[in-house]
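Asks: What follows is upload_23.txt, compact mmCIF, C-alpha atoms.
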```txt
# COMPACT_ATOMS: atom_id res chain seq x y z
CA MET A 155 15.55 -4.43 -6.06
CA THR A 156 14.11 -5.20 -2.65
CA ALA A 157 10.46 -4.70 -1.74
CA ARG A 158 11.43 -1.79 0.52
CA SER A 159 13.46 -0.02 -2.20
CA LEU A 160 10.62 -0.54 -4.65
CA SER A 161 8.20 0.98 -2.18
CA LEU A 162 10.40 4.02 -1.74
CA SER A 163 10.65 4.39 -5.51
CA MET A 164 6.86 4.40 -5.71
CA ALA A 165 6.75 6.97 -2.95
CA PHE A 166 9.09 9.22 -4.93
CA VAL A 167 6.66 9.12 -7.83
CA SER A 168 3.65 9.84 -5.64
CA ALA A 169 5.20 12.78 -3.83
CA GLY A 170 6.40 14.34 -7.03
CA VAL A 171 9.91 14.56 -5.63
CA GLY A 172 11.67 12.07 -7.89
CA LEU A 173 15.31 12.59 -8.59
CA GLY A 174 14.49 14.27 -11.85
CA ALA A 175 12.66 16.96 -9.93
CA LEU A 176 15.60 17.77 -7.66
CA PRO A 177 17.77 20.66 -8.87
CA GLY A 178 20.71 19.62 -11.00
CA VAL A 179 20.35 15.88 -10.51
CA ALA A 180 18.86 14.99 -13.90
CA ARG A 181 21.26 17.18 -15.83
CA ALA A 182 24.28 15.87 -13.93
CA THR A 183 23.23 12.29 -14.57
CA GLU A 184 22.79 12.91 -18.29
CA ARG A 185 26.34 14.28 -18.52
CA GLY A 186 27.69 11.29 -16.64
CA THR A 187 29.09 13.48 -13.84
CA PRO A 188 28.48 12.85 -10.15
CA ALA A 189 25.27 14.32 -8.78
CA PRO A 190 25.73 17.32 -6.51
CA SER A 191 25.20 16.97 -2.77
CA PHE A 192 21.71 17.89 -1.64
CA THR A 193 20.98 21.04 0.29
CA GLN A 194 18.84 20.97 3.41
CA ASP A 195 15.80 22.03 1.37
CA ALA A 196 16.36 19.19 -1.10
CA GLU A 197 16.85 16.71 1.72
CA GLN A 198 13.52 17.54 3.33
CA PRO A 199 11.39 15.46 0.89
CA LEU A 200 13.87 12.58 1.26
CA ALA A 201 13.51 12.71 5.03
CA ALA A 202 9.73 12.64 4.69
CA LEU A 203 9.98 9.34 2.84
CA GLN A 204 11.38 7.68 5.95
CA ASP A 205 7.85 7.72 7.34
CA VAL A 206 6.39 6.02 4.24
CA ASP A 207 5.79 2.31 4.70
CA VAL A 208 3.21 -0.46 4.85
CA ILE A 209 3.03 -2.44 8.09
CA GLU A 210 0.75 -5.42 7.57
CA HIS A 211 -1.93 -6.11 10.15
CA LEU A 212 -3.40 -9.27 8.67
CA GLY A 213 -6.36 -10.55 10.64
CA ASP A 214 -6.93 -7.29 12.49
CA LYS A 215 -10.33 -5.69 12.32
CA VAL A 216 -10.71 -2.13 11.08
CA PRO A 217 -12.37 0.30 13.51
CA SER A 218 -16.14 0.49 13.42
CA GLY A 219 -18.06 3.74 13.25
CA LEU A 220 -15.87 5.39 10.61
CA THR A 221 -17.87 7.87 8.55
CA PHE A 222 -16.86 9.62 5.35
CA GLN A 223 -18.76 11.61 2.75
CA ASP A 224 -19.14 11.47 -1.00
CA PRO A 225 -18.32 14.47 -3.22
CA GLU A 226 -21.95 15.56 -3.03
CA GLY A 227 -21.76 15.81 0.76
CA HIS A 228 -23.72 12.67 1.69
CA LYS A 229 -22.44 10.72 4.68
CA VAL A 230 -21.31 7.15 4.04
CA GLU A 231 -20.51 4.68 6.82
CA LEU A 232 -17.76 2.17 6.17
CA ASP A 233 -19.63 -0.38 8.29
CA ALA A 234 -22.53 -0.22 5.83
CA MET A 235 -20.25 -1.55 3.09
CA LEU A 236 -19.27 -4.61 5.13
CA GLY A 237 -21.18 -7.77 5.91
CA GLY A 238 -21.99 -9.13 2.48
CA LYS A 239 -18.94 -9.34 0.23
CA PRO A 240 -15.18 -8.77 0.36
CA LEU A 241 -14.32 -5.07 0.31
CA LEU A 242 -11.48 -3.65 -1.78
CA VAL A 243 -10.13 -0.45 -0.19
CA THR A 244 -7.81 2.11 -1.76
CA LEU A 245 -6.35 5.05 0.14
CA GLY A 246 -4.92 7.99 -1.79
CA TYR A 247 -5.98 11.40 -3.00
CA TYR A 248 -7.74 12.48 -6.17
CA ARG A 249 -5.37 15.26 -7.21
CA CYS A 250 -2.43 12.84 -7.09
CA PRO A 251 -0.34 13.52 -10.21
CA MET A 252 0.42 9.90 -11.04
CA LEU A 253 0.58 7.01 -8.57
CA CYS A 254 -3.00 6.96 -7.28
CA ASN A 255 -4.41 6.87 -10.79
CA LEU A 256 -2.01 4.09 -11.75
CA VAL A 257 -3.14 2.02 -8.76
CA LEU A 258 -6.81 2.49 -9.64
CA ASP A 259 -6.21 1.66 -13.30
CA GLY A 260 -4.25 -1.46 -12.34
CA LEU A 261 -7.06 -2.68 -10.10
CA VAL A 262 -9.68 -2.14 -12.80
CA LYS A 263 -7.53 -4.05 -15.28
CA ALA A 264 -6.97 -6.93 -12.85
CA MET A 265 -10.67 -7.03 -12.00
CA LYS A 266 -11.74 -7.26 -15.64
CA GLN A 267 -9.13 -9.90 -16.50
CA SER A 268 -9.99 -11.97 -13.44
CA GLY A 269 -13.61 -12.24 -14.50
CA LEU A 270 -14.90 -10.78 -11.24
CA VAL A 271 -17.60 -8.12 -11.18
CA VAL A 272 -17.57 -5.24 -8.73
CA GLY A 273 -20.89 -5.05 -6.92
CA LYS A 274 -21.56 -8.74 -7.54
CA ASP A 275 -18.43 -10.58 -6.40
CA PHE A 276 -16.97 -7.85 -4.21
CA GLN A 277 -17.43 -4.24 -3.14
CA ALA A 278 -14.88 -1.46 -3.56
CA VAL A 279 -14.33 1.94 -1.98
CA SER A 280 -11.75 4.67 -2.55
CA ILE A 281 -11.10 7.07 0.32
CA SER A 282 -9.05 10.26 0.23
CA ILE A 283 -6.31 10.88 2.79
CA ASP A 284 -6.31 14.60 1.95
CA PRO A 285 -8.51 16.59 4.39
CA LYS A 286 -8.54 19.46 1.86
CA GLU A 287 -9.63 17.29 -1.06
CA ASP A 288 -11.27 18.96 -4.04
CA ALA A 289 -14.75 17.56 -4.64
CA LYS A 290 -14.57 18.36 -8.36
CA GLN A 291 -11.38 16.34 -8.71
CA ALA A 292 -12.99 13.49 -6.76
CA ILE A 293 -15.95 13.47 -9.15
CA SER A 294 -13.63 13.54 -12.17
CA THR A 295 -11.62 10.58 -10.87
CA ARG A 296 -14.79 8.71 -9.95
CA GLU A 297 -16.35 9.11 -13.38
CA ARG A 298 -13.15 8.03 -15.12
CA VAL A 299 -12.80 4.86 -13.05
CA TRP A 300 -16.51 4.00 -13.28
CA ALA A 301 -16.31 4.30 -17.06
CA ALA A 302 -13.22 2.07 -17.12
CA THR A 303 -15.13 -0.70 -15.33
CA GLY A 304 -17.51 -0.89 -18.26
CA GLY A 305 -20.50 0.35 -16.31
CA GLN A 306 -19.99 -1.92 -13.27
CA GLY A 307 -18.87 0.90 -11.00
CA ASN A 308 -21.49 3.10 -9.34
CA ALA A 309 -22.29 4.77 -6.04
CA ASN A 310 -23.33 1.44 -4.52
CA SER A 311 -20.56 -0.81 -5.82
CA TRP A 312 -17.57 1.58 -5.82
CA PRO A 313 -18.04 4.93 -4.06
CA PHE A 314 -15.30 7.57 -4.04
CA LEU A 315 -15.30 9.26 -0.65
CA MET A 316 -13.78 12.31 0.97
CA GLY A 317 -11.96 11.89 4.26
CA ASP A 318 -11.07 14.14 7.14
CA ALA A 319 -7.86 14.31 9.15
CA PHE A 320 -9.32 11.98 11.80
CA GLY A 321 -11.23 9.27 9.94
CA SER A 322 -8.78 8.73 7.08
CA HIS A 323 -5.81 8.67 9.43
CA LEU A 324 -7.52 6.23 11.76
CA LEU A 325 -8.29 3.85 8.90
CA ALA A 326 -4.77 4.23 7.49
CA ASP A 327 -3.26 3.38 10.88
CA ALA A 328 -5.52 0.33 11.18
CA VAL A 329 -4.31 -1.13 7.87
CA GLY A 330 -0.69 -0.02 8.41
CA PHE A 331 -0.67 2.53 5.59
CA LYS A 332 2.04 5.03 6.52
CA TYR A 333 2.10 8.17 4.41
CA ALA A 334 3.64 11.63 4.69
CA TYR A 335 2.79 15.10 3.44
CA ASP A 336 5.55 17.09 1.77
CA LYS A 337 5.02 20.82 2.28
CA THR A 338 7.50 21.73 -0.44
CA SER A 339 5.69 19.94 -3.25
CA GLY A 340 2.24 19.99 -1.67
CA GLN A 341 1.93 16.25 -2.36
CA PHE A 342 1.51 13.11 -0.28
CA ALA A 343 4.15 10.39 -0.34
CA HIS A 344 2.76 6.87 -0.02
CA ASP A 345 3.19 3.33 -1.30
CA ALA A 346 1.27 1.70 -4.15
CA VAL A 347 -0.98 -0.71 -2.28
CA SER A 348 -4.64 -1.59 -1.83
CA PHE A 349 -6.35 -3.57 0.88
CA VAL A 350 -8.89 -6.40 0.90
CA LEU A 351 -11.24 -6.69 3.86
CA SER A 352 -13.33 -9.73 4.70
CA PRO A 353 -17.10 -9.31 5.11
CA ASP A 354 -16.63 -9.00 8.88
CA GLY A 355 -14.14 -6.13 8.47
CA LYS A 356 -10.89 -8.03 9.03
CA ILE A 357 -7.80 -7.27 6.95
CA SER A 358 -7.48 -10.27 4.66
CA ARG A 359 -4.86 -9.35 2.07
CA TYR A 360 -2.61 -6.56 0.74
CA LEU A 361 -2.25 -6.04 -3.02
CA TYR A 362 0.99 -4.26 -3.91
CA GLY A 363 2.05 -2.31 -6.96
CA VAL A 364 0.33 -0.66 -9.88
CA GLU A 365 0.07 -3.95 -11.79
CA VAL A 366 -1.85 -6.67 -9.94
CA LEU A 367 -1.95 -10.13 -11.48
CA PRO A 368 -5.54 -11.19 -12.26
CA ARG A 369 -4.84 -14.48 -10.48
CA ASP A 370 -3.68 -12.67 -7.34
CA PHE A 371 -6.70 -10.37 -7.47
CA ARG A 372 -9.14 -13.25 -7.78
CA LEU A 373 -7.47 -15.35 -5.09
CA ALA A 374 -7.39 -12.40 -2.70
CA MET A 375 -11.13 -11.97 -3.10
CA ILE A 376 -11.72 -15.70 -2.71
CA GLU A 377 -9.67 -15.78 0.49
CA ALA A 378 -11.50 -12.77 1.88
CA GLY A 379 -14.82 -14.47 1.21
CA VAL A 380 -13.91 -17.89 2.64
CA GLY A 381 -16.81 -19.29 4.57
CA ARG A 382 -19.31 -17.38 2.48
CA GLY A 383 -19.72 -20.13 -0.12
CA GLY A 384 -18.77 -19.61 -3.73
CA PRO A 385 -18.35 -21.65 -6.92
CA SER A 386 -16.57 -24.99 -6.70
CA PHE A 387 -14.00 -23.76 -9.21
CA ASP A 388 -12.98 -20.97 -6.83
CA ARG A 389 -12.50 -23.40 -3.96
CA LEU A 390 -10.43 -25.64 -6.23
CA LEU A 391 -8.33 -22.68 -7.37
CA LEU A 392 -7.69 -21.64 -3.77
CA SER A 393 -6.41 -25.11 -2.91
CA CYS A 394 -3.90 -24.99 -5.77
CA PHE A 395 -2.30 -21.68 -4.84
CA GLN A 396 -0.88 -20.36 -1.60
CA TYR A 397 0.12 -16.82 -0.65
CA ASP A 398 3.88 -16.25 -0.54
CA PRO A 399 4.51 -13.54 2.11
CA VAL A 400 8.09 -13.01 0.95
CA ASN A 401 7.26 -12.22 -2.67
CA ARG A 402 3.77 -10.93 -1.76
CA LYS A 403 2.19 -13.01 -4.48
CA TYR A 404 0.24 -16.24 -4.84
CA ALA A 405 2.36 -19.19 -5.87
CA PRO A 406 1.44 -22.73 -6.95
CA TYR A 407 0.86 -24.93 -3.93
CA ALA A 408 2.61 -28.24 -4.62
CA LEU A 409 0.76 -30.21 -1.96
CA GLY A 410 -2.52 -28.90 -3.29
CA PHE A 411 -1.74 -30.16 -6.78
CA VAL A 412 -0.63 -33.51 -5.34
CA ARG A 413 -3.91 -33.87 -3.48
CA ILE A 414 -5.93 -33.00 -6.55
CA GLY A 415 -3.86 -35.38 -8.65
CA ALA A 416 -4.35 -38.16 -6.13
CA GLY A 417 -8.07 -37.46 -6.11
CA LEU A 418 -8.23 -37.66 -9.89
CA VAL A 419 -6.27 -40.93 -9.92
CA PHE A 420 -8.61 -42.37 -7.31
CA LEU A 421 -11.64 -41.26 -9.32
CA MET A 422 -10.22 -42.81 -12.50
CA LEU A 423 -9.48 -46.05 -10.64
CA VAL A 424 -13.01 -46.24 -9.26
CA THR A 425 -14.43 -45.55 -12.72
CA LEU A 426 -12.26 -48.26 -14.28
CA LEU A 427 -13.20 -50.83 -11.64
CA THR A 428 -16.88 -49.96 -12.08
CA VAL A 429 -16.66 -50.47 -15.84
CA LEU A 430 -14.85 -53.81 -15.42
CA TRP A 431 -17.34 -54.94 -12.79
CA ARG A 432 -20.27 -54.17 -15.09
CA LYS A 433 -18.66 -56.03 -17.97
CA GLU A 434 -18.05 -59.04 -15.75
CA LEU A 435 -21.67 -58.92 -14.58
CA VAL A 436 -22.94 -58.82 -18.19
CA MET A 437 -20.74 -61.79 -19.17
CA ARG A 438 -22.03 -63.85 -16.22
CA ARG A 439 -25.62 -63.16 -17.20
CA ARG A 440 -24.93 -64.27 -20.75
CA ARG A 441 -23.37 -67.53 -19.51
CA VAL A 442 -26.37 -68.24 -17.33
CA ALA A 443 -28.74 -67.55 -20.23
```
How does this structure look as structure tokens?
Replies:
Amino acid sequence: MTARSLSLSMAFVSAGVGLGALPGVARATERGTPAPSFTQDAEQPLAALQDVDVIEHLGDKVPSGLTFQDPEGHKVELDAMLGGKPLLVTLGYYRCPMLCNLVLDGLVKAMKQSGLVVGKDFQAVSISIDPKEDAKQAISTRERVWAATGGQGNANSWPFLMGDAFGSHLLADAVGFKYAYDKTSGQFAHDAVSFVLSPDGKISRYLYGVEVLPRDFRLAMIEAGVGRGGPSFDRLLLSCFQYDPVNRKYAPYALGFVRIGAGLVFLMLVTLLTVLWRKELVMRRRRVA
């Protein structure tokens, strides 16, 4: 399955218009008979999926001045969340029947397994693309995700914000997040993806799917924070893995391992020569004595 076909499959799930939901398709498949041709009404959700895609804008800076609000009605500026740590951004909607929750759960799992701490190593924010979002549903989703982080998530480290038709769409366009609203189902079709911004607001990495490898999650955050310092182990890890744009994952970087191996050999050689030199020096002193 190609990345594009996988994305469309995810969009089916999100929009609630999977083949099983189309009249007669599931039953026809179970009987082993050909599926009936779709009517114009059934084709409408399929046509909407043509607008669902992710167009990467790596290195581009998200617009400044974007303002959203939390479920309690307080204004939150996206710019205020930038400048210190990498920022993990998810776009979706809180009444989403399946996909959005799966994305959030996958990110929490990857975060915990990577050893990173939200609020300490990175910031996160979830923003709704639904201008008619239900505040109660937003609060329910927020509390569930915060609890899943083991108490790390809070209003400062991972806010859940409400968007309007202008701000959410502007941010989605900036990161290349193409989604569509299906009037028939009343759901939004979109891909399973999250975005990592650098402290200066540039798009650093895209994380695809509902299951993100802990290694990919950690490396994405390290890359986004390059130039901001960090533990030596993180810098070593980054030199050993390189992002593969075809498979959209981090893969072992052969040259990096060769360089590290050469460095270790050189260090061992220097250590051995030092030991031999000290032994020779001791033996000379004994002869003189």
Asks: Using all atoms listed in the file, tabulate the residues of region 270-310 of chain A lying at most 12 Å from any atom of region 361-384 of chain A, each with its closest atom pair and that distance in Å to one decimal, by chain and increasing residue number, as CSV.
Replies:
```
residue,atom,partner,partner_atom,distance
A:Leu270,CA,A:Arg372,CA,7.2
A:Val271,CA,A:Arg372,CA,10.5
A:Val272,CA,A:Met375,CA,10.9
A:Lys274,CA,A:Met375,CA,11.8
A:Asp275,CA,A:Met375,CA,8.1
A:Phe276,CA,A:Met375,CA,7.2
A:Gln277,CA,A:Met375,CA,10.0
A:Ala278,CA,A:Met375,CA,11.2
```
Asks: Of the residues A:Ala301, A:Val279, A:Leu253, A:Met422, which is the one nearest to Phe342 (chain A), using only C-alpha atoms?
Replies: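 Nearest candidate to Phe342 (chain A) out of A:Ala301, A:Val279, A:Leu253, A:Met422: A:Leu253.
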Asks: Taking into account all atoms listed in the file, which residue in the set A:Glu287, A:Val216, A:Leu241, A:Gly305 is nearest to Ser352 (chain A)?
Replies: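 For Ser352 (chain A), the nearest of the given residues is A:Leu241.
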Asks: CA of Ser311 (chain A) and CA of Ala334 (chain A), how far apart in Å?
Replies: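 Going from CA of Ala334 (chain A) over to CA of Ser311 (chain A), I get 29.2 Å.
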Asks: Around (-16.5, -2.1, -17.2), as given in the file, which residues come within 10 Å? Count only C-alpha atoms and list them as a list in words.
Replies: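 Collected hits near the coordinates: Val262, Lys263, Met265, Lys266, Val271, Val272, Val299, Trp300, Ala301, Ala302, Thr303, Gly304, Gly305, Gln306 and Gly307 of chain A.
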Asks: So what do you get for CA of Ser322 (chain A) versus CA of Ser282 (chain A), distance-wise?
Replies: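 Computed distance, CA of Ser322 (chain A) to CA of Ser282 (chain A), equals 7.0 Å.
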Asks: Hey, can you check how far CA of Leu324 (chain A) sits from CA of Ile283 (chain A)?
Replies: 10.2 Å
Asks: Point out the residue among A:Arg249, A:Ser339, A:Met235, A:Ile357 with the least atom-to-atom distance to Asn310 (chain A), counting all atoms listed in the file.
Replies: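 Closest residue, counting all atoms listed in the file: A:Met235.
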Asks: Considering all atoms listed in the file, return as an MDAnalysis selection string whatever protein or nucleic-acid residues lie within 6 Å of Lys356 (chain A), sequence-local ones (same chain, fewer than 3 positions apart) excluded.
Replies: chainID A and resid 213:215 351:352
Asks: Using all atoms listed in the file, pick whichever of A:Asn308, A:Gln341, A:Ser268, A:Ser218 has the shortest atom-to-atom distance to Cys250 (chain A).
Replies: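 Smallest separation from Cys250 (chain A) among the options: A:Gln341.
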Asks: Taking only C-alpha atoms into account, name the residue in A:Arg296, A:Lys286, A:Lys229, A:Arg432 that is nearest to Pro313 (chain A).
Replies: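 Among the listed residues, A:Arg296 lies closest to Pro313 (chain A).
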Asks: Which of these, A:Asp205, A:Glu434, A:Glu210, A:Asp318, has the shortest distance to His344 (chain A) once you count all atoms listed in the file?
Replies: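 Checking each of A:Asp205, A:Glu434, A:Glu210, A:Asp318 against His344 (chain A), counting all atoms listed in the file, the winner is A:Asp205.
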Asks: From (-17.8, -10.1, 1.8), in the file's coordinates, out to 6 Å: which residues are reached, counting only C-alpha atoms? Answer as a PyMOL selection string.
Replies: chain A and resi 237-240+352-353+379
Asks: Could you write out that same residue set with C-alpha atoms as a short mmCIF file (atom, residue, chain, number, x, y, z; two decimals), in the coordinates of the input?
Replies:
```cif
data_model
loop_
_atom_site.label_atom_id
_atom_site.label_comp_id
_atom_site.auth_asym_id
_atom_site.auth_seq_id
_atom_site.Cartn_x
_atom_site.Cartn_y
_atom_site.Cartn_z
CA GLY A 237 -21.18 -7.77 5.91
CA GLY A 238 -21.99 -9.13 2.48
CA LYS A 239 -18.94 -9.34 0.23
CA PRO A 240 -15.18 -8.77 0.36
CA SER A 352 -13.33 -9.73 4.70
CA PRO A 353 -17.10 -9.31 5.11
CA GLY A 379 -14.82 -14.47 1.21
#
```
